[in-house]
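Here the structure is laid out as C-alpha cells; the discussion comes afterwards.
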Amino acid sequence: MQLVVRARACPLAARREQALMAGKGSESKRGTLELAAEALLAAHPEAFVCAVAENGLIAPLPGTIELRGQRVIEGRSLIDFVVAEDRNLVLESWAQALREGAATVRTRLADEPGQEVETHVFDLRAAHGIMMAVILPPASLQAGLRDSAGMGQAPAAASGGQPVGPQELSEVVPPPRHCALEEDEGANVIGCDDAFGRMFGYAPQEVIGGGVLEHIHPDDRGRAVESWLQMLQTGRDQYYRCRRRHRDGHWLWVDSTLRNFLHDPDRGYVLVELVDVSLEMHAQEALREREELLSRLTESMPVGLLQVDRSGAVVYQNAQLRELIGLPRSRGSGAESLEGLLEPLTVAGRREFHTALSAVLEQGADRDIEVDAEPEPESWRRVLFAMRTLHREEGVVSGAIICALDVTDRTRARIELERRASIDSLTRCYNREEILARVAKELAAGSPTGLLYVDLDEFKPVNDRFGHAAGDELLQLVAERLRAASRRADDVGRMGGDEFVVLMRSVRSTQGAMRTARRIAGSLSGRYRTSFGSVSVRAAIGVACVGLEQDAHERSRARSVRAEELVQLADEAMYESKGRARGMPVLAAATLSPLRRRSQAAPARAARRQRARPPH
C-alpha cells in the first residue's frame, strides 16, 4: 500500500465556507484553522484527539478546546501509534502543518498493520497554544464508536472529553511502553504508576502487596533474582531482560532496571523501571526463524552454496559444496579460507575462479564459469560456478553469493557428441573435416609441422575379391597399426577410401619426419590375418613439412599456408612413392609457390583417383 502525505481541505469544506461567509470574509488564517478543526470535530464524535507540543510530544488538551464526545489520547508521541515504515509520513505531515497550518496523512497502526487511520493536524498555537491532532479510526470501527460517542446526544463537557479507558480505544491506540513499580527490600510491590496498569492490565490493588516473581516467566526468574541480589549487595543499578505476565495470560518482554533507593530517607524503596521490548524480541524471533529456515533450505539444496565478503573471505558454505568439489565433510562445516575450499580445483581452474570473482567484487558484474576439479588422482569433475553480486542498500558491493553445480555428466555427454562428430565411424580415426581443422590450427600457430599422406597399394583387389565388408575389416586393421606406429603427440585421420594422413607436431627436421614415415611404412606393409583369410598390403607415403626453418621470415611464410595446400603437397609426394612401387616414403621437394601453381591441376588428379578406387 502506498501512502502519501498531502495537505488538503477539511472534509467539511462546505461548512467552513459557510462560516467564512458568515464572518463576511473577516476571518484570519487563525480563525480559518479553528473553524476547520471545529467542523471536523462536529462531524466525527467517534474520533480520537490529542494536543501536541511544538517538540512533538503529546501534551494535556487545553480546556479551551470543546470536544463533542471524542476520546483524548495519552502517550508519548504520535509516531508510537504507527508502523515503523510510516513514521516518516507522520514527521512530514507534522512539518507541513507547521509550515502551512494543516495537513492530512494516512498511516497504518503499529498493533494492527492491516488497519489504516486518517490523521488531521491543525496549528492552533495562536488560539490555544498547541497543535491538535484528530485521528479518524478505521471504517470498521467508526459505526460502533459513533454510537458509543452518543451521536445525536448532547456533547461532552469541554473540560477534557471522555477518558482513555474504553476497550475500543485500545484497538486504535497502543498501550504505553514504559512504566514503573516501587518495591520494598523483600521485592514486594508497594506502589505502581498508572502506565503499569495500562501496560499489563492490572488494577493497582491486584499487584500492591504481592511478590514480583509470580509475574516473571519461570525461565527468567534466575536472572531476576541474580540482578536483585547484585543490586542489594553493590547498591548499583542493575539491568536484565525478562518476560512478565499480562493479566490476560500472555507474556511481555521487558527490559528491567533496578534502582536502589532503600537508604534514601525520602524514598526508602527500589524503583523498578520497565520498558516494553516485545516488538524487538518478536522481530528477533522472526529473524531467528527466517535464519533457521534459510539454513535448513541451504543444507537440503542439491547445489553447493558459498558466500564471500567484499575481501573474498568466506562467510558461509554448505556441506553440499564440500562434497561437490571433493572435500570430505570430516574437515568441518565451519567457514575456512577460500584457498582451502578451492584446493581440489586444477591450477587453471583456480586461476579462472579468482579472475571471475575479482570481476564480481570489483565491477559488480555477475559471472558463470565452468572449471575442472581433480579431488583425487585419476578422478575428474566439471563444476559450474554461478557468481552473483551482493549489494548494500546504497548500491555498494558487499560480497558475492556463489552457487556450484556438478556438470560432469553433462560435459562428458557434450564431449562424446563432439567426439562422434569428429571421428570416422569405421576406423575410429579423425574424419576429413576434423583432421584438416587440426592441421590448419598448427599452421596458424606457425608451429613446425609435418604431414604424412598414406595410401594402400593392392587394396582394390581385396575389395573386388572378398567384398566391401572385407575391405572395411582391412581398413580397421590398417588404422590400428597406423595409430600404434605414430608418435603419441601425432593425430591420425582418414581422408576417405584407403587414404590416411598423419599430422606430426613439433617436427624438428625433415630427417626426423622421414624416420617416422619409414617406421609407419614398415608397420603397414606385410600380411594381415582377417576373418576372410590372409592378405598382403603395402603403403605408399608422401611427406611434406613446413615451418622447420628458424628464420622468422620463413616462419611467417609458413603461417600463410592453408591446410589443403599442405595436404596437396604430401599427396603429390605420395604419388611419387606409389610410382616407385617400392613402399618407400618420398619427401616433397616442391616450394610453396610452385605448390600453389600446381594446385590448379589438383581437381583433375582427384577425379582420376576417384575413378580408380572404390568409395569407403
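Identifiers in the C-alpha cells: chain A, B, ... in order shown; residue index from 1 per chain; ligand index from 1 in order shown.
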### Message
as a list in words, please: the residues near A:Arg310 (cut-off 10 Å, only C-alpha atoms, same-chain neighbours under 4 positions excluded).
### Response
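The residues satisfying every condition are Val314, Ser358, Val360, Leu361, Glu362, Thr389, Leu390, His391, Val396, Val397, Ser398, Gly399 and Ala400 of chain A.
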### Exercise: A:Phe196 partners within 8 Å, only C-alpha atoms, chain neighbours under 2 positions left out, as an NGL selection string
:A and (178-181 or 192-194 or 198-202)
### Message
Need to verify the contact set: A:Asn318, 6 Å, only C-alpha atoms, exclusion of same-chain residues closer than 2 positions in sequence. Can you return it as a count of residues only?
### Response
4
### Which of stretch 166-355 of chain A DSSP labels helix (DSSP H, G or I), written as a ChimeraX atom specification
/A:167-170,194-200,204-207,213-215,218-234,278-300,319-325,329-331,338-341,347-355
### Message
DSSP on the backbone: which residues in stretch 62-276 of chain A end up as strand (DSSP E)? Give the answer as JSON, numbers by chain.
### Response
{"A": [71, 72, 102, 103, 104, 105, 106, 107, 108, 116, 117, 118, 119, 120, 121, 122, 123, 124, 130, 131, 132, 133, 134, 135, 136, 178, 179, 180, 181, 182, 183, 189, 190, 191, 192, 238, 239, 240, 241, 242, 243, 244, 245, 251, 252, 253, 254, 255, 256, 257, 258, 259, 260, 261, 269, 270, 271, 272, 273, 274, 275, 276]}
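Take atom CA of A:Gln568 and atom CA of A:Gly471: the distance between them is 25.3 Å.
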### Message
Just checking: using only C-alpha atoms, which residue out of A:Ala521, A:Val546, A:Leu324, A:Leu477 ends up closest to A:Ala445?
### Response
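The answer is A:Val546, which sits nearest to A:Ala445.
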Pick out the residues sitting within 12 Å of A:Leu482, and hand them over as a PDB file with N, CA and C atoms, in the first residue's frame; count only C-alpha atoms, and ignore anything fewer than 6 positions along from it in its own chain.
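Contents of part.pdb, freshly written:
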```pdb
ATOM      1  N   THR A 427      36.947 -46.443 -38.897  1.00  0.00           N
ATOM      2  CA  THR A 427      38.335 -46.686 -38.478  1.00  0.00           C
ATOM      3  C   THR A 427      38.664 -46.087 -37.114  1.00  0.00           C
ATOM      4  N   ARG A 428      37.751 -45.245 -36.545  1.00  0.00           N
ATOM      5  CA  ARG A 428      37.976 -44.553 -35.267  1.00  0.00           C
ATOM      6  C   ARG A 428      39.114 -43.534 -35.365  1.00  0.00           C
ATOM      7  N   CYS A 429      39.522 -43.188 -36.589  1.00  0.00           N
ATOM      8  CA  CYS A 429      40.451 -42.074 -36.788  1.00  0.00           C
ATOM      9  C   CYS A 429      39.632 -40.792 -36.938  1.00  0.00           C
ATOM     10  N   LEU A 452      52.060 -36.659 -43.226  1.00  0.00           N
ATOM     11  CA  LEU A 452      52.244 -37.894 -43.997  1.00  0.00           C
ATOM     12  C   LEU A 452      50.936 -38.215 -44.697  1.00  0.00           C
ATOM     13  N   TYR A 453      51.021 -38.440 -45.991  1.00  0.00           N
ATOM     14  CA  TYR A 453      49.848 -38.874 -46.762  1.00  0.00           C
ATOM     15  C   TYR A 453      50.049 -40.345 -47.084  1.00  0.00           C
ATOM     16  N   VAL A 454      49.143 -41.215 -46.593  1.00  0.00           N
ATOM     17  CA  VAL A 454      49.300 -42.668 -46.703  1.00  0.00           C
ATOM     18  C   VAL A 454      48.219 -43.221 -47.626  1.00  0.00           C
ATOM     19  N   ASP A 455      48.647 -44.039 -48.578  1.00  0.00           N
ATOM     20  CA  ASP A 455      47.721 -44.700 -49.499  1.00  0.00           C
ATOM     21  C   ASP A 455      48.077 -46.175 -49.552  1.00  0.00           C
ATOM     22  N   LEU A 456      47.079 -47.057 -49.517  1.00  0.00           N
ATOM     23  CA  LEU A 456      47.311 -48.501 -49.511  1.00  0.00           C
ATOM     24  C   LEU A 456      47.368 -49.021 -50.943  1.00  0.00           C
ATOM     25  N   LEU A 475      40.636 -52.099 -43.504  1.00  0.00           N
ATOM     26  CA  LEU A 475      40.874 -50.700 -43.146  1.00  0.00           C
ATOM     27  C   LEU A 475      40.964 -50.509 -41.632  1.00  0.00           C
ATOM     28  N   GLN A 476      40.151 -51.226 -40.880  1.00  0.00           N
ATOM     29  CA  GLN A 476      40.210 -51.126 -39.419  1.00  0.00           C
ATOM     30  C   GLN A 476      41.553 -51.628 -38.886  1.00  0.00           C
ATOM     31  N   ARG A 488      53.099 -40.292 -30.032  1.00  0.00           N
ATOM     32  CA  ARG A 488      51.985 -40.031 -29.130  1.00  0.00           C
ATOM     33  C   ARG A 488      51.337 -38.676 -29.392  1.00  0.00           C
ATOM     34  N   ASP A 490      51.025 -37.184 -32.226  1.00  0.00           N
ATOM     35  CA  ASP A 490      50.517 -37.046 -33.582  1.00  0.00           C
ATOM     36  C   ASP A 490      49.042 -37.444 -33.656  1.00  0.00           C
ATOM     37  N   ASP A 491      48.359 -36.931 -34.708  1.00  0.00           N
ATOM     38  CA  ASP A 491      46.957 -37.261 -34.954  1.00  0.00           C
ATOM     39  C   ASP A 491      46.846 -38.014 -36.274  1.00  0.00           C
ATOM     40  N   VAL A 492      45.963 -39.027 -36.283  1.00  0.00           N
ATOM     41  CA  VAL A 492      45.743 -39.832 -37.480  1.00  0.00           C
ATOM     42  C   VAL A 492      44.332 -39.561 -37.980  1.00  0.00           C
ATOM     43  N   GLY A 493      44.216 -39.254 -39.265  1.00  0.00           N
ATOM     44  CA  GLY A 493      42.913 -39.000 -39.858  1.00  0.00           C
ATOM     45  C   GLY A 493      42.714 -39.783 -41.133  1.00  0.00           C
ATOM     46  N   ARG A 494      41.455 -40.037 -41.460  1.00  0.00           N
ATOM     47  CA  ARG A 494      41.125 -40.746 -42.697  1.00  0.00           C
ATOM     48  C   ARG A 494      40.546 -39.740 -43.681  1.00  0.00           C
ATOM     49  N   GLU A 499      42.827 -43.905 -47.984  1.00  0.00           N
ATOM     50  CA  GLU A 499      43.819 -42.851 -47.805  1.00  0.00           C
ATOM     51  C   GLU A 499      43.736 -42.282 -46.391  1.00  0.00           C
ATOM     52  N   PHE A 500      44.898 -42.147 -45.766  1.00  0.00           N
ATOM     53  CA  PHE A 500      45.009 -41.616 -44.401  1.00  0.00           C
ATOM     54  C   PHE A 500      46.062 -40.509 -44.395  1.00  0.00           C
ATOM     55  N   VAL A 501      45.994 -39.651 -43.393  1.00  0.00           N
ATOM     56  CA  VAL A 501      47.058 -38.677 -43.168  1.00  0.00           C
ATOM     57  C   VAL A 501      47.455 -38.738 -41.703  1.00  0.00           C
ATOM     58  N   VAL A 502      48.713 -38.409 -41.450  1.00  0.00           N
ATOM     59  CA  VAL A 502      49.232 -38.334 -40.081  1.00  0.00           C
ATOM     60  C   VAL A 502      49.774 -36.924 -39.875  1.00  0.00           C
ATOM     61  N   LEU A 503      49.178 -36.207 -38.917  1.00  0.00           N
ATOM     62  CA  LEU A 503      49.656 -34.868 -38.560  1.00  0.00           C
ATOM     63  C   LEU A 503      50.763 -35.026 -37.524  1.00  0.00           C
ATOM     64  N   THR A 516      60.030 -41.246 -39.067  1.00  0.00           N
ATOM     65  CA  THR A 516      58.672 -41.632 -38.658  1.00  0.00           C
ATOM     66  C   THR A 516      57.923 -42.252 -39.836  1.00  0.00           C
ATOM     67  N   ALA A 517      58.074 -41.676 -41.001  1.00  0.00           N
ATOM     68  CA  ALA A 517      57.378 -42.204 -42.182  1.00  0.00           C
ATOM     69  C   ALA A 517      57.853 -43.605 -42.513  1.00  0.00           C
ATOM     70  N   ARG A 518      59.171 -43.866 -42.427  1.00  0.00           N
ATOM     71  CA  ARG A 518      59.678 -45.212 -42.735  1.00  0.00           C
ATOM     72  C   ARG A 518      59.181 -46.226 -41.701  1.00  0.00           C
ATOM     73  N   ARG A 519      59.084 -45.780 -40.422  1.00  0.00           N
ATOM     74  CA  ARG A 519      58.579 -46.703 -39.394  1.00  0.00           C
ATOM     75  C   ARG A 519      57.122 -47.069 -39.671  1.00  0.00           C
ATOM     76  N   ILE A 520      56.349 -46.112 -40.077  1.00  0.00           N
ATOM     77  CA  ILE A 520      54.952 -46.375 -40.381  1.00  0.00           C
ATOM     78  C   ILE A 520      54.826 -47.256 -41.623  1.00  0.00           C
ATOM     79  N   ALA A 521      55.658 -46.987 -42.628  1.00  0.00           N
ATOM     80  CA  ALA A 521      55.605 -47.802 -43.839  1.00  0.00           C
ATOM     81  C   ALA A 521      55.925 -49.253 -43.527  1.00  0.00           C
ATOM     82  N   GLY A 522      56.925 -49.465 -42.679  1.00  0.00           N
ATOM     83  CA  GLY A 522      57.268 -50.833 -42.318  1.00  0.00           C
ATOM     84  C   GLY A 522      56.171 -51.509 -41.529  1.00  0.00           C
ATOM     85  N   SER A 523      55.461 -50.725 -40.677  1.00  0.00           N
ATOM     86  CA  SER A 523      54.396 -51.311 -39.870  1.00  0.00           C
ATOM     87  C   SER A 523      53.194 -51.693 -40.719  1.00  0.00           C
ATOM     88  N   LEU A 524      52.906 -50.870 -41.730  1.00  0.00           N
ATOM     89  CA  LEU A 524      51.714 -51.133 -42.526  1.00  0.00           C
ATOM     90  C   LEU A 524      51.931 -52.211 -43.568  1.00  0.00           C
ATOM     91  N   SER A 525      53.131 -52.318 -44.078  1.00  0.00           N
ATOM     92  CA  SER A 525      53.386 -53.290 -45.148  1.00  0.00           C
ATOM     93  C   SER A 525      53.495 -54.684 -44.555  1.00  0.00           C
ATOM     94  N   ALA A 539      52.078 -49.838 -48.297  1.00  0.00           N
ATOM     95  CA  ALA A 539      51.650 -48.441 -48.215  1.00  0.00           C
ATOM     96  C   ALA A 539      52.596 -47.555 -49.001  1.00  0.00           C
ATOM     97  N   ILE A 541      53.695 -43.588 -49.142  1.00  0.00           N
ATOM     98  CA  ILE A 541      53.640 -42.474 -48.203  1.00  0.00           C
ATOM     99  C   ILE A 541      54.361 -41.271 -48.779  1.00  0.00           C
TER     100      ILE A 541
END
```
#### Entry: Coordinates-based distance that separates atom CA of A:Ser379 from atom CA of A:Asn431 (Å, one decimal)
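Rounded to one decimal, the two atoms are 29.2 Å apart.
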### Task
Name all residues at most 8 Å from stretch 576-582 of chain A (count only C-alpha atoms; drop same-chain ones fewer than 2 positions away) and give them as a list in words.
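Contacts, in chain order: Asp457, Ala540, Ile541, Gly542, Glu572, Ala573, Met574, Met584, Pro585 and Val586 of chain A.
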Next, write the just-selected residues to a file, as a short mmCIF file (atom, residue, chain, number, x, y, z; two decimals), in the first residue's frame, keeping N, CA, C and O atoms as the atom set.
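What follows is the written file again-v4.cif:
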```cif
data_model
loop_
_atom_site.label_atom_id
_atom_site.label_comp_id
_atom_site.auth_asym_id
_atom_site.auth_seq_id
_atom_site.Cartn_x
_atom_site.Cartn_y
_atom_site.Cartn_z
N ASP A 457 48.48 -49.70 -51.25
CA ASP A 457 48.57 -50.40 -52.53
C ASP A 457 47.87 -51.76 -52.40
O ASP A 457 47.79 -52.34 -51.32
N ALA A 540 52.00 -46.58 -49.72
CA ALA A 540 52.77 -45.51 -50.34
C ALA A 540 52.59 -44.28 -49.47
O ALA A 540 51.46 -43.92 -49.11
N ILE A 541 53.69 -43.59 -49.14
CA ILE A 541 53.64 -42.47 -48.20
C ILE A 541 54.36 -41.27 -48.78
O ILE A 541 55.50 -41.37 -49.24
N GLY A 542 53.66 -40.12 -48.74
CA GLY A 542 54.27 -38.86 -49.11
C GLY A 542 54.42 -38.00 -47.88
O GLY A 542 53.55 -37.97 -47.00
N GLU A 572 51.00 -35.31 -53.54
CA GLU A 572 51.83 -35.45 -54.74
C GLU A 572 53.08 -36.28 -54.44
O GLU A 572 53.52 -37.09 -55.26
N ALA A 573 53.65 -36.08 -53.22
CA ALA A 573 54.81 -36.91 -52.86
C ALA A 573 54.39 -38.36 -52.72
O ALA A 573 55.15 -39.29 -53.05
N MET A 574 53.17 -38.60 -52.21
CA MET A 574 52.69 -39.98 -52.09
C MET A 574 52.56 -40.64 -53.47
O MET A 574 52.89 -41.82 -53.65
N MET A 584 58.44 -47.12 -50.26
CA MET A 584 59.32 -46.23 -49.51
C MET A 584 58.74 -44.82 -49.51
O MET A 584 58.27 -44.33 -50.53
N PRO A 585 58.77 -44.12 -48.37
CA PRO A 585 58.25 -42.75 -48.30
C PRO A 585 59.06 -41.81 -49.19
O PRO A 585 60.25 -42.00 -49.41
N VAL A 586 58.39 -40.77 -49.68
CA VAL A 586 59.03 -39.75 -50.51
C VAL A 586 58.77 -38.40 -49.88
O VAL A 586 57.63 -38.07 -49.52
#
```
### Task
Identify, on the basis of only C-alpha atoms, every residue whose closest approach to A:Gly75 does not exceed 12 Å; exclude the query and any residue fewer than 3 positions from it along the same chain; express the result as a PyMOL selection string.
chain A and resi 49-52+56-60+72+78-81+164+173-179+194-195+198-199
Neighbours of stretch 213-224 of chain A within 6 Å (only C-alpha atoms; same-chain residues fewer than 6 positions away dropped), as a compact mmCIF listing (two decimals) with N, CA, C and O atoms, in the first residue's frame?
```
# COMPACT_ATOMS: atom_id res chain seq x y z
N CYS A 242 13.53 -9.82 30.80
CA CYS A 242 12.71 -10.98 31.20
C CYS A 242 11.33 -10.86 30.58
O CYS A 242 10.99 -9.84 29.94
N ARG A 243 10.52 -11.89 30.79
CA ARG A 243 9.13 -11.88 30.36
C ARG A 243 8.23 -11.72 31.59
O ARG A 243 8.36 -12.47 32.56
N ARG A 244 7.33 -10.73 31.53
CA ARG A 244 6.37 -10.51 32.60
C ARG A 244 4.97 -10.80 32.07
O ARG A 244 4.63 -10.48 30.93
N ARG A 245 4.15 -11.37 32.95
CA ARG A 245 2.83 -11.83 32.53
C ARG A 245 1.83 -10.68 32.50
O ARG A 245 1.71 -9.89 33.44
```
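Atom to atom, atom CA of A:Ser93 and atom CA of A:Ser278 stand 28.0 Å apart.
Of the listed residues A:Leu297, A:Ala570, A:Thr408, A:Trp253, the one whose atoms come nearest to A:Leu279 is A:Trp253, with distances taken using only C-alpha atoms.
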### Task
Tell me which of A:Arg381, A:Arg529, A:Arg515, A:Arg562 sits closest to A:Leu436, counting only C-alpha atoms.
A:Arg562
